[in-house]
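Undergrad: So that you have it, the file is input_19.cif, and it contains mmCIF, N, CA and C atoms:
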```
data_final
loop_
_atom_site.label_atom_id
_atom_site.label_comp_id
_atom_site.auth_asym_id
_atom_site.auth_seq_id
_atom_site.Cartn_x
_atom_site.Cartn_y
_atom_site.Cartn_z
N MET A 11 -2.02 10.07 11.58
CA MET A 11 -2.45 10.79 10.40
C MET A 11 -1.78 12.16 10.32
N ASP A 12 -1.56 12.76 11.49
CA ASP A 12 -0.91 14.07 11.52
C ASP A 12 0.49 14.01 10.94
N HIS A 13 1.21 12.94 11.25
CA HIS A 13 2.57 12.79 10.74
C HIS A 13 2.56 12.63 9.22
N LEU A 14 1.59 11.89 8.71
CA LEU A 14 1.46 11.73 7.26
C LEU A 14 1.22 13.08 6.59
N VAL A 15 0.37 13.90 7.17
CA VAL A 15 0.10 15.24 6.61
C VAL A 15 1.38 16.07 6.62
N GLU A 16 2.17 15.98 7.68
CA GLU A 16 3.44 16.71 7.74
C GLU A 16 4.37 16.27 6.61
N LEU A 17 4.48 14.96 6.42
CA LEU A 17 5.35 14.45 5.35
C LEU A 17 4.85 14.89 3.97
N LEU A 18 3.55 14.87 3.77
CA LEU A 18 3.00 15.31 2.48
C LEU A 18 3.23 16.80 2.24
N GLU A 19 3.15 17.58 3.30
CA GLU A 19 3.42 19.02 3.18
C GLU A 19 4.89 19.27 2.82
N GLU A 20 5.78 18.53 3.47
CA GLU A 20 7.22 18.66 3.15
C GLU A 20 7.48 18.31 1.69
N GLN A 21 6.84 17.24 1.22
CA GLN A 21 7.01 16.84 -0.18
C GLN A 21 6.43 17.89 -1.12
N ALA A 22 5.31 18.47 -0.76
CA ALA A 22 4.70 19.51 -1.59
C ALA A 22 5.62 20.72 -1.72
N LYS A 23 6.32 21.07 -0.64
CA LYS A 23 7.29 22.16 -0.69
C LYS A 23 8.43 21.84 -1.66
N ARG A 24 8.93 20.59 -1.57
CA ARG A 24 10.00 20.17 -2.49
C ARG A 24 9.51 20.18 -3.94
N ASP A 25 8.26 19.79 -4.12
CA ASP A 25 7.68 19.77 -5.48
C ASP A 25 7.57 21.19 -6.05
N ARG A 26 7.24 22.14 -5.21
CA ARG A 26 7.13 23.54 -5.69
C ARG A 26 8.51 24.08 -6.10
N LYS A 27 9.57 23.60 -5.43
CA LYS A 27 10.92 24.02 -5.79
C LYS A 27 11.39 23.39 -7.09
N ASN A 28 10.88 22.19 -7.40
CA ASN A 28 11.30 21.49 -8.60
C ASN A 28 10.06 20.91 -9.31
N PRO A 29 9.24 21.76 -9.92
CA PRO A 29 7.99 21.31 -10.53
C PRO A 29 8.18 20.34 -11.70
N LYS A 30 9.30 20.48 -12.41
CA LYS A 30 9.55 19.59 -13.54
C LYS A 30 9.69 18.14 -13.06
N LYS A 31 10.45 17.94 -12.00
CA LYS A 31 10.61 16.60 -11.44
C LYS A 31 9.29 16.10 -10.84
N ALA A 32 8.55 16.98 -10.20
CA ALA A 32 7.30 16.60 -9.55
C ALA A 32 6.28 16.08 -10.57
N ARG A 33 6.27 16.65 -11.78
CA ARG A 33 5.32 16.24 -12.82
C ARG A 33 5.54 14.81 -13.29
N VAL A 34 6.77 14.32 -13.22
CA VAL A 34 7.07 12.98 -13.74
C VAL A 34 7.27 11.94 -12.63
N THR A 35 7.07 12.34 -11.38
CA THR A 35 7.26 11.42 -10.26
C THR A 35 5.92 10.83 -9.84
N ASN A 36 5.88 9.51 -9.78
CA ASN A 36 4.68 8.82 -9.30
C ASN A 36 4.79 8.61 -7.81
N ARG A 37 3.69 8.88 -7.10
CA ARG A 37 3.68 8.70 -5.65
C ARG A 37 2.57 7.72 -5.27
N PHE A 38 2.91 6.85 -4.34
CA PHE A 38 1.96 5.84 -3.89
C PHE A 38 1.87 5.88 -2.37
N LEU A 39 0.68 5.67 -1.85
CA LEU A 39 0.48 5.45 -0.43
C LEU A 39 -0.07 4.03 -0.32
N VAL A 40 0.68 3.16 0.33
CA VAL A 40 0.27 1.77 0.50
C VAL A 40 -0.11 1.59 1.96
N THR A 41 -1.34 1.10 2.20
CA THR A 41 -1.80 0.91 3.57
C THR A 41 -2.64 -0.35 3.66
N GLU A 42 -2.77 -0.85 4.86
CA GLU A 42 -3.64 -1.98 5.13
C GLU A 42 -5.03 -1.44 5.46
N GLY A 43 -6.05 -2.21 5.14
CA GLY A 43 -7.40 -1.82 5.51
C GLY A 43 -7.62 -2.04 7.00
N LEU A 44 -7.19 -3.20 7.47
CA LEU A 44 -7.28 -3.58 8.87
C LEU A 44 -5.89 -4.02 9.31
N PHE A 45 -5.33 -3.30 10.26
CA PHE A 45 -3.97 -3.60 10.71
C PHE A 45 -4.00 -4.80 11.65
N VAL A 46 -3.30 -5.85 11.26
CA VAL A 46 -3.37 -7.11 11.99
C VAL A 46 -2.80 -7.02 13.40
N ASN A 47 -1.79 -6.21 13.62
CA ASN A 47 -1.15 -6.14 14.94
C ASN A 47 -1.94 -5.31 15.94
N THR A 48 -2.69 -4.33 15.46
CA THR A 48 -3.40 -3.43 16.37
C THR A 48 -4.91 -3.52 16.28
N GLY A 49 -5.42 -4.04 15.18
CA GLY A 49 -6.87 -4.09 14.98
C GLY A 49 -7.45 -2.76 14.53
N GLN A 50 -6.58 -1.77 14.28
CA GLN A 50 -7.07 -0.47 13.83
C GLN A 50 -7.49 -0.54 12.37
N ILE A 51 -8.43 0.30 12.03
CA ILE A 51 -8.94 0.38 10.66
C ILE A 51 -8.43 1.69 10.06
N SER A 52 -7.94 1.61 8.82
CA SER A 52 -7.47 2.81 8.13
C SER A 52 -8.62 3.79 7.95
N ASN A 53 -8.30 5.06 8.09
CA ASN A 53 -9.30 6.11 7.87
C ASN A 53 -9.34 6.42 6.37
N LEU A 54 -10.02 5.58 5.63
CA LEU A 54 -10.04 5.69 4.18
C LEU A 54 -10.61 7.02 3.67
N PRO A 55 -11.70 7.53 4.23
CA PRO A 55 -12.19 8.84 3.75
C PRO A 55 -11.14 9.94 3.87
N LYS A 56 -10.38 9.94 4.97
CA LYS A 56 -9.33 10.95 5.15
C LYS A 56 -8.20 10.74 4.15
N LEU A 57 -7.83 9.47 3.91
CA LEU A 57 -6.78 9.18 2.93
C LEU A 57 -7.19 9.63 1.53
N ILE A 58 -8.45 9.43 1.19
CA ILE A 58 -8.95 9.87 -0.12
C ILE A 58 -8.91 11.39 -0.22
N GLU A 59 -9.26 12.05 0.86
CA GLU A 59 -9.19 13.52 0.90
C GLU A 59 -7.75 13.99 0.67
N LEU A 60 -6.80 13.34 1.34
CA LEU A 60 -5.38 13.68 1.17
C LEU A 60 -4.90 13.35 -0.25
N LYS A 61 -5.39 12.25 -0.78
CA LYS A 61 -5.02 11.86 -2.16
C LYS A 61 -5.41 12.96 -3.15
N GLN A 62 -6.59 13.48 -3.00
CA GLN A 62 -7.05 14.51 -3.91
C GLN A 62 -6.27 15.81 -3.74
N LYS A 63 -5.85 16.09 -2.53
CA LYS A 63 -5.11 17.32 -2.27
C LYS A 63 -3.65 17.22 -2.71
N TYR A 64 -3.00 16.07 -2.43
CA TYR A 64 -1.56 15.94 -2.66
C TYR A 64 -1.20 15.10 -3.89
N LYS A 65 -2.18 14.59 -4.59
CA LYS A 65 -1.96 13.88 -5.87
C LYS A 65 -1.06 12.66 -5.73
N PHE A 66 -1.53 11.66 -5.02
CA PHE A 66 -0.84 10.38 -4.95
C PHE A 66 -1.85 9.27 -5.21
N ARG A 67 -1.36 8.07 -5.39
CA ARG A 67 -2.22 6.92 -5.64
C ARG A 67 -2.31 6.08 -4.37
N ILE A 68 -3.50 5.56 -4.10
CA ILE A 68 -3.71 4.72 -2.93
C ILE A 68 -3.74 3.26 -3.35
N PHE A 69 -2.88 2.47 -2.69
CA PHE A 69 -2.91 1.01 -2.82
C PHE A 69 -3.37 0.49 -1.46
N LEU A 70 -4.46 -0.22 -1.45
CA LEU A 70 -5.08 -0.69 -0.22
C LEU A 70 -4.95 -2.20 -0.12
N ASP A 71 -4.27 -2.67 0.92
CA ASP A 71 -4.13 -4.10 1.16
C ASP A 71 -5.31 -4.55 2.01
N GLU A 72 -6.19 -5.33 1.40
CA GLU A 72 -7.40 -5.80 2.07
C GLU A 72 -7.26 -7.24 2.57
N SER A 73 -6.04 -7.71 2.77
CA SER A 73 -5.83 -9.10 3.19
C SER A 73 -6.63 -9.46 4.44
N TYR A 74 -6.67 -8.57 5.42
CA TYR A 74 -7.36 -8.87 6.67
C TYR A 74 -8.76 -8.25 6.74
N SER A 75 -9.05 -7.25 5.94
CA SER A 75 -10.36 -6.61 6.01
C SER A 75 -11.36 -7.21 5.02
N PHE A 76 -10.86 -7.85 3.96
CA PHE A 76 -11.73 -8.51 3.00
C PHE A 76 -12.43 -9.69 3.68
N GLY A 77 -13.75 -9.74 3.57
CA GLY A 77 -14.51 -10.80 4.22
C GLY A 77 -14.89 -10.48 5.65
N VAL A 78 -14.36 -9.38 6.19
CA VAL A 78 -14.59 -9.03 7.60
C VAL A 78 -15.34 -7.71 7.72
N LEU A 79 -14.86 -6.68 7.04
CA LEU A 79 -15.45 -5.34 7.17
C LEU A 79 -16.51 -5.11 6.10
N GLY A 80 -17.45 -4.29 6.44
CA GLY A 80 -18.53 -3.96 5.50
C GLY A 80 -19.72 -4.89 5.71
N GLU A 81 -20.86 -4.42 5.32
CA GLU A 81 -22.10 -5.18 5.52
C GLU A 81 -22.04 -6.56 4.86
N ASN A 82 -21.43 -6.62 3.68
CA ASN A 82 -21.33 -7.89 2.94
C ASN A 82 -19.91 -8.44 2.90
N GLY A 83 -19.00 -7.88 3.71
CA GLY A 83 -17.63 -8.37 3.77
C GLY A 83 -16.77 -7.92 2.60
N ARG A 84 -17.15 -6.84 1.94
CA ARG A 84 -16.39 -6.38 0.78
C ARG A 84 -15.23 -5.46 1.14
N GLY A 85 -14.97 -5.31 2.41
CA GLY A 85 -13.79 -4.57 2.83
C GLY A 85 -14.04 -3.13 3.20
N LEU A 86 -12.95 -2.39 3.20
CA LEU A 86 -12.95 -1.03 3.72
C LEU A 86 -13.83 -0.06 2.92
N THR A 87 -13.85 -0.22 1.61
CA THR A 87 -14.67 0.70 0.80
C THR A 87 -16.14 0.53 1.13
N GLU A 88 -16.57 -0.70 1.35
CA GLU A 88 -17.97 -0.93 1.74
C GLU A 88 -18.22 -0.45 3.16
N TYR A 89 -17.26 -0.69 4.05
CA TYR A 89 -17.39 -0.28 5.44
C TYR A 89 -17.63 1.24 5.55
N TYR A 90 -16.85 2.00 4.80
CA TYR A 90 -16.98 3.47 4.82
C TYR A 90 -17.96 4.00 3.79
N ASN A 91 -18.50 3.11 2.95
CA ASN A 91 -19.42 3.50 1.88
C ASN A 91 -18.79 4.55 0.96
N VAL A 92 -17.58 4.27 0.51
CA VAL A 92 -16.90 5.15 -0.45
C VAL A 92 -16.78 4.41 -1.79
N ASP A 93 -16.74 5.15 -2.84
CA ASP A 93 -16.64 4.58 -4.18
C ASP A 93 -15.27 3.92 -4.34
N ARG A 94 -15.25 2.65 -4.77
CA ARG A 94 -14.00 1.92 -4.96
C ARG A 94 -13.09 2.59 -5.97
N ARG A 95 -13.65 3.38 -6.87
CA ARG A 95 -12.82 4.05 -7.88
C ARG A 95 -11.92 5.12 -7.28
N ASN A 96 -12.15 5.47 -6.01
CA ASN A 96 -11.26 6.40 -5.32
C ASN A 96 -9.97 5.73 -4.85
N VAL A 97 -9.96 4.41 -4.86
CA VAL A 97 -8.77 3.64 -4.48
C VAL A 97 -8.18 3.09 -5.77
N ASP A 98 -6.93 3.41 -6.02
CA ASP A 98 -6.31 3.05 -7.29
C ASP A 98 -6.07 1.55 -7.45
N MET A 99 -5.69 0.89 -6.37
CA MET A 99 -5.42 -0.54 -6.45
C MET A 99 -5.80 -1.17 -5.11
N ILE A 100 -6.59 -2.23 -5.19
CA ILE A 100 -6.94 -3.01 -4.00
C ILE A 100 -6.29 -4.37 -4.18
N ILE A 101 -5.47 -4.73 -3.19
CA ILE A 101 -4.74 -5.99 -3.26
C ILE A 101 -5.04 -6.78 -1.99
N GLY A 102 -4.85 -8.09 -2.07
CA GLY A 102 -5.08 -8.87 -0.87
C GLY A 102 -4.73 -10.33 -1.05
N SER A 103 -4.68 -11.00 0.06
CA SER A 103 -4.42 -12.44 0.10
C SER A 103 -5.74 -13.14 0.39
N MET A 104 -5.94 -14.29 -0.20
CA MET A 104 -7.14 -15.08 0.07
C MET A 104 -6.93 -16.05 1.23
N GLU A 105 -5.73 -16.03 1.79
CA GLU A 105 -5.38 -16.97 2.85
C GLU A 105 -6.19 -16.75 4.12
N TYR A 106 -6.37 -15.52 4.52
CA TYR A 106 -6.93 -15.24 5.83
C TYR A 106 -8.45 -15.36 5.87
N SER A 107 -9.15 -14.65 5.02
CA SER A 107 -10.61 -14.65 5.06
C SER A 107 -11.23 -15.88 4.42
N LEU A 108 -10.59 -16.40 3.39
CA LEU A 108 -11.18 -17.50 2.64
C LEU A 108 -10.55 -18.85 2.96
N GLY A 109 -9.48 -18.86 3.73
CA GLY A 109 -8.81 -20.11 4.07
C GLY A 109 -8.32 -20.83 2.83
N SER A 110 -7.76 -20.08 1.91
CA SER A 110 -7.34 -20.63 0.62
C SER A 110 -5.92 -20.15 0.32
N ILE A 111 -5.53 -20.29 -0.92
CA ILE A 111 -4.24 -19.76 -1.34
C ILE A 111 -4.48 -18.79 -2.48
N GLY A 112 -3.49 -17.97 -2.74
CA GLY A 112 -3.59 -17.02 -3.84
C GLY A 112 -3.88 -15.62 -3.33
N GLY A 113 -4.14 -14.76 -4.26
CA GLY A 113 -4.41 -13.38 -3.91
C GLY A 113 -5.09 -12.69 -5.06
N PHE A 114 -5.33 -11.41 -4.88
CA PHE A 114 -6.00 -10.65 -5.92
C PHE A 114 -5.44 -9.23 -5.97
N ALA A 115 -5.56 -8.64 -7.11
CA ALA A 115 -5.20 -7.23 -7.30
C ALA A 115 -6.19 -6.67 -8.32
N CYS A 116 -6.88 -5.64 -7.93
CA CYS A 116 -7.84 -5.03 -8.86
C CYS A 116 -7.78 -3.53 -8.68
N GLY A 117 -8.06 -2.84 -9.74
CA GLY A 117 -8.00 -1.39 -9.66
C GLY A 117 -8.56 -0.73 -10.89
N ILE A 118 -8.46 0.59 -10.88
CA ILE A 118 -9.03 1.35 -11.99
C ILE A 118 -8.10 1.41 -13.18
N ASN A 119 -6.81 1.08 -12.97
CA ASN A 119 -5.85 1.15 -14.06
C ASN A 119 -4.74 0.14 -13.81
N ALA A 120 -4.62 -0.84 -14.67
CA ALA A 120 -3.61 -1.88 -14.49
C ALA A 120 -2.19 -1.31 -14.52
N GLU A 121 -2.00 -0.18 -15.15
CA GLU A 121 -0.67 0.43 -15.23
C GLU A 121 -0.14 0.79 -13.85
N TYR A 122 -1.02 1.16 -12.92
CA TYR A 122 -0.58 1.52 -11.57
C TYR A 122 0.09 0.33 -10.90
N GLY A 123 -0.52 -0.83 -11.01
CA GLY A 123 0.05 -2.02 -10.42
C GLY A 123 1.38 -2.38 -11.04
N LYS A 124 1.45 -2.24 -12.34
CA LYS A 124 2.70 -2.54 -13.04
C LYS A 124 3.82 -1.62 -12.56
N GLN A 125 3.52 -0.33 -12.43
CA GLN A 125 4.52 0.62 -11.97
C GLN A 125 4.98 0.28 -10.56
N TRP A 126 4.04 -0.05 -9.70
CA TRP A 126 4.40 -0.35 -8.32
C TRP A 126 5.26 -1.59 -8.26
N TYR A 127 4.84 -2.66 -8.94
CA TYR A 127 5.61 -3.89 -8.90
C TYR A 127 7.01 -3.70 -9.47
N GLN A 128 7.12 -2.97 -10.56
CA GLN A 128 8.43 -2.78 -11.17
C GLN A 128 9.37 -2.06 -10.23
N ARG A 129 8.87 -1.12 -9.46
CA ARG A 129 9.74 -0.30 -8.61
C ARG A 129 9.97 -0.88 -7.23
N ARG A 130 9.01 -1.61 -6.70
CA ARG A 130 9.09 -2.01 -5.30
C ARG A 130 9.32 -3.50 -5.09
N VAL A 131 8.57 -4.32 -5.78
CA VAL A 131 8.60 -5.75 -5.48
C VAL A 131 9.97 -6.36 -5.72
N ARG A 132 10.66 -5.92 -6.75
CA ARG A 132 11.97 -6.46 -7.04
C ARG A 132 12.90 -6.30 -5.85
N ASP A 133 12.92 -5.12 -5.25
CA ASP A 133 13.78 -4.87 -4.09
C ASP A 133 13.34 -5.69 -2.88
N VAL A 134 12.04 -5.73 -2.65
CA VAL A 134 11.52 -6.47 -1.50
C VAL A 134 11.84 -7.95 -1.63
N LEU A 135 11.61 -8.51 -2.81
CA LEU A 135 11.89 -9.93 -3.01
C LEU A 135 13.38 -10.22 -2.84
N SER A 136 14.22 -9.36 -3.36
CA SER A 136 15.66 -9.57 -3.21
C SER A 136 16.05 -9.62 -1.74
N LYS A 137 15.56 -8.67 -0.97
CA LYS A 137 15.89 -8.62 0.46
C LYS A 137 15.32 -9.82 1.19
N THR A 138 14.09 -10.21 0.82
CA THR A 138 13.47 -11.36 1.47
C THR A 138 14.24 -12.64 1.19
N ILE A 139 14.66 -12.83 -0.04
CA ILE A 139 15.40 -14.04 -0.40
C ILE A 139 16.74 -14.09 0.34
N ILE A 140 17.42 -12.95 0.40
CA ILE A 140 18.71 -12.90 1.10
C ILE A 140 18.52 -13.24 2.58
N CYS A 141 17.51 -12.65 3.21
CA CYS A 141 17.25 -12.93 4.63
C CYS A 141 16.89 -14.39 4.85
N THR A 142 16.11 -14.96 3.96
CA THR A 142 15.73 -16.37 4.07
C THR A 142 16.96 -17.26 4.00
N PHE A 143 17.85 -17.00 3.05
CA PHE A 143 19.07 -17.79 2.94
C PHE A 143 19.93 -17.64 4.18
N GLU A 144 20.02 -16.45 4.74
CA GLU A 144 20.82 -16.25 5.95
C GLU A 144 20.24 -17.05 7.11
N ILE A 145 18.93 -17.08 7.24
CA ILE A 145 18.29 -17.85 8.31
C ILE A 145 18.56 -19.34 8.12
N LEU A 146 18.39 -19.80 6.89
CA LEU A 146 18.63 -21.22 6.60
C LEU A 146 20.08 -21.60 6.89
N LEU A 147 21.02 -20.76 6.49
CA LEU A 147 22.43 -21.05 6.76
C LEU A 147 22.70 -21.11 8.26
N ASN A 148 22.10 -20.20 9.01
CA ASN A 148 22.27 -20.22 10.47
C ASN A 148 21.70 -21.50 11.08
N LEU A 149 20.55 -21.92 10.58
CA LEU A 149 19.95 -23.17 11.07
C LEU A 149 20.83 -24.37 10.74
N ILE A 150 21.36 -24.40 9.53
CA ILE A 150 22.24 -25.51 9.13
C ILE A 150 23.48 -25.52 10.02
N ASN A 151 24.04 -24.35 10.30
CA ASN A 151 25.23 -24.26 11.16
C ASN A 151 24.91 -24.76 12.58
N CYS A 152 23.71 -24.44 13.08
CA CYS A 152 23.31 -24.92 14.42
C CYS A 152 23.18 -26.43 14.44
N ILE A 153 22.62 -27.00 13.39
CA ILE A 153 22.43 -28.45 13.32
C ILE A 153 23.80 -29.14 13.23
N ASP A 154 24.71 -28.57 12.44
CA ASP A 154 26.04 -29.15 12.28
C ASP A 154 26.82 -29.18 13.60
N LYS A 155 26.58 -28.20 14.47
CA LYS A 155 27.31 -28.10 15.73
C LYS A 155 26.75 -29.13 16.68
#
```
Please re-express this file's structure in structure tokens.
TA:
Amino acid sequence: MDHLVELLEEQAKRDRKNPKKARVTNRFLVTEGLFVNTGQISNLPKLIELKQKYKFRIFLDESYSFGVLGENGRGLTEYYNVDRRNVDMIIGSMEYSLGSIGGFACGINAEYGKQWYQRRVRDVLSKTIICTFEILLNLINCIDK
């Protein structure tokens, strides 16, 4: 968390030098509710505090925490008893907790999700597809040999 605060402070300094650009730049913090590799839980109250101070949007991936955390399994917001409206977008997969397929995205403003997908998903999907094809080609080459 300390490193995140350092990065946000550095960005705030750059924003003060160029306030015109800062006014039109959208910032997102994307985090998991429950980190699958470590089992750590995001400190959502602290992230909300930082959000209010540094003016960014929180996208919370509840793929692993949905159905697990909170008294009724509603995820991180229920676990910490914070208002869901403090999180701009909650996204998740139904594969892990529900043993199903599909996913969900909900938030206080659909425009946030649209902005994020337009800027990020296109690049991620392109890289993922390229890597997948490279793996498949390597497998085909191994089989041919």
Undergrad: Convert the output of the PyMOL selection byres ((chain A and resi 113) around 6.5) on the shown file into explicit residues, formatted as a compact mmCIF listing (two decimals) with N, CA and C atoms, in the coordinates of the input.
TA:
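Writing the result to expr_18.txt gives the following:
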```
# COMPACT_ATOMS: atom_id res chain seq x y z
N GLY A 102 -4.85 -8.09 -2.07
CA GLY A 102 -5.08 -8.87 -0.87
C GLY A 102 -4.73 -10.33 -1.05
N SER A 103 -4.68 -11.00 0.06
CA SER A 103 -4.42 -12.44 0.10
C SER A 103 -5.74 -13.14 0.39
N MET A 104 -5.94 -14.29 -0.20
CA MET A 104 -7.14 -15.08 0.07
C MET A 104 -6.93 -16.05 1.23
N GLU A 105 -5.73 -16.03 1.79
CA GLU A 105 -5.38 -16.97 2.85
C GLU A 105 -6.19 -16.75 4.12
N ILE A 111 -5.53 -20.29 -0.92
CA ILE A 111 -4.24 -19.76 -1.34
C ILE A 111 -4.48 -18.79 -2.48
N GLY A 112 -3.49 -17.97 -2.74
CA GLY A 112 -3.59 -17.02 -3.84
C GLY A 112 -3.88 -15.62 -3.33
N PHE A 114 -5.33 -11.41 -4.88
CA PHE A 114 -6.00 -10.65 -5.92
C PHE A 114 -5.44 -9.23 -5.97
N ALA A 115 -5.56 -8.64 -7.11
CA ALA A 115 -5.20 -7.23 -7.30
C ALA A 115 -6.19 -6.67 -8.32
```
Undergrad: Name the closest residue to Glu19 in chain A among the candidates A:Arg84, A:Phe45, A:Tyr64, A:Leu70; distances are taken between atoms, counting all atoms listed in the file.
TA: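 Ranking A:Arg84, A:Phe45, A:Tyr64, A:Leu70 by distance to Glu19 in chain A, first place goes to A:Tyr64.
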Undergrad: Taking the backbone alone, and naming residues the way the document does, which bits of range 11-119 of chain A are strand (DSSP E or B) by DSSP, as a VMD selection string?
TA: chain A and resid 38 to 42 44 51 67 to 71 99 to 103 113 to 117
Undergrad: For the PyMOL selection byres ((chain A and resi 68) around 6), applied here, can you spell out every residue it catches as a list in words?
TA: Phe38, Leu39, Val40, Phe66, Arg67, Phe69, Leu70, Val97, Asp98 and Met99 of chain A
Undergrad: Rounded to one decimal in Å, what is the spacing between CA of Ser73 in chain A and atom C of Ile101 in chain A?
TA: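 A separation of 5.7 Å between them.
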Undergrad: Could you tell me how far atom C of Val92 in chain A lies from atom N of Pro55 in chain A, in Å and to one decimal?
TA: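 Atom-to-atom, atom C of Val92 in chain A and atom N of Pro55 in chain A are spaced 8.5 Å apart.
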Undergrad: Could you work out how far CA of Met11 in chain A lies from CA of Asn82 in chain A, giving the answer in Å with one decimal?
TA: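 It comes out at 27.6 Å.
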Undergrad: Write out as a PyMOL selection string which residues come within 5 Å of Gly85 in chain A when counting all atoms listed in the file, dropping same-chain ones fewer than 4 positions away.
TA: chain A and resi 75-77+79-80+89
Undergrad: Take the residues just selected and output them with N, CA and C atoms as a PDB file, in the coordinates of the input.
TA:
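Written output follows (result_0.pdb):
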```pdb
ATOM      1  N   SER A  75      -9.050  -7.250   5.940  1.00  0.00           N
ATOM      2  CA  SER A  75     -10.360  -6.610   6.010  1.00  0.00           C
ATOM      3  C   SER A  75     -11.360  -7.210   5.020  1.00  0.00           C
ATOM      4  N   PHE A  76     -10.860  -7.850   3.960  1.00  0.00           N
ATOM      5  CA  PHE A  76     -11.730  -8.510   3.000  1.00  0.00           C
ATOM      6  C   PHE A  76     -12.430  -9.690   3.680  1.00  0.00           C
ATOM      7  N   GLY A  77     -13.750  -9.740   3.570  1.00  0.00           N
ATOM      8  CA  GLY A  77     -14.510 -10.800   4.220  1.00  0.00           C
ATOM      9  C   GLY A  77     -14.890 -10.480   5.650  1.00  0.00           C
ATOM     10  N   LEU A  79     -14.860  -6.680   7.040  1.00  0.00           N
ATOM     11  CA  LEU A  79     -15.450  -5.340   7.170  1.00  0.00           C
ATOM     12  C   LEU A  79     -16.510  -5.110   6.100  1.00  0.00           C
ATOM     13  N   GLY A  80     -17.450  -4.290   6.440  1.00  0.00           N
ATOM     14  CA  GLY A  80     -18.530  -3.960   5.500  1.00  0.00           C
ATOM     15  C   GLY A  80     -19.720  -4.890   5.710  1.00  0.00           C
ATOM     16  N   TYR A  89     -17.260  -0.690   4.050  1.00  0.00           N
ATOM     17  CA  TYR A  89     -17.390  -0.280   5.440  1.00  0.00           C
ATOM     18  C   TYR A  89     -17.630   1.240   5.550  1.00  0.00           C
TER      19      TYR A  89
END
```
Undergrad: Which residue gives the smallest distance to Arg94 in chain A among A:Gly117, A:Asp71, A:Glu144, A:Ala22, with only N, CA and C atoms counted?
TA: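 Using only N, CA and C atoms, Arg94 in chain A sits closest to A:Gly117.
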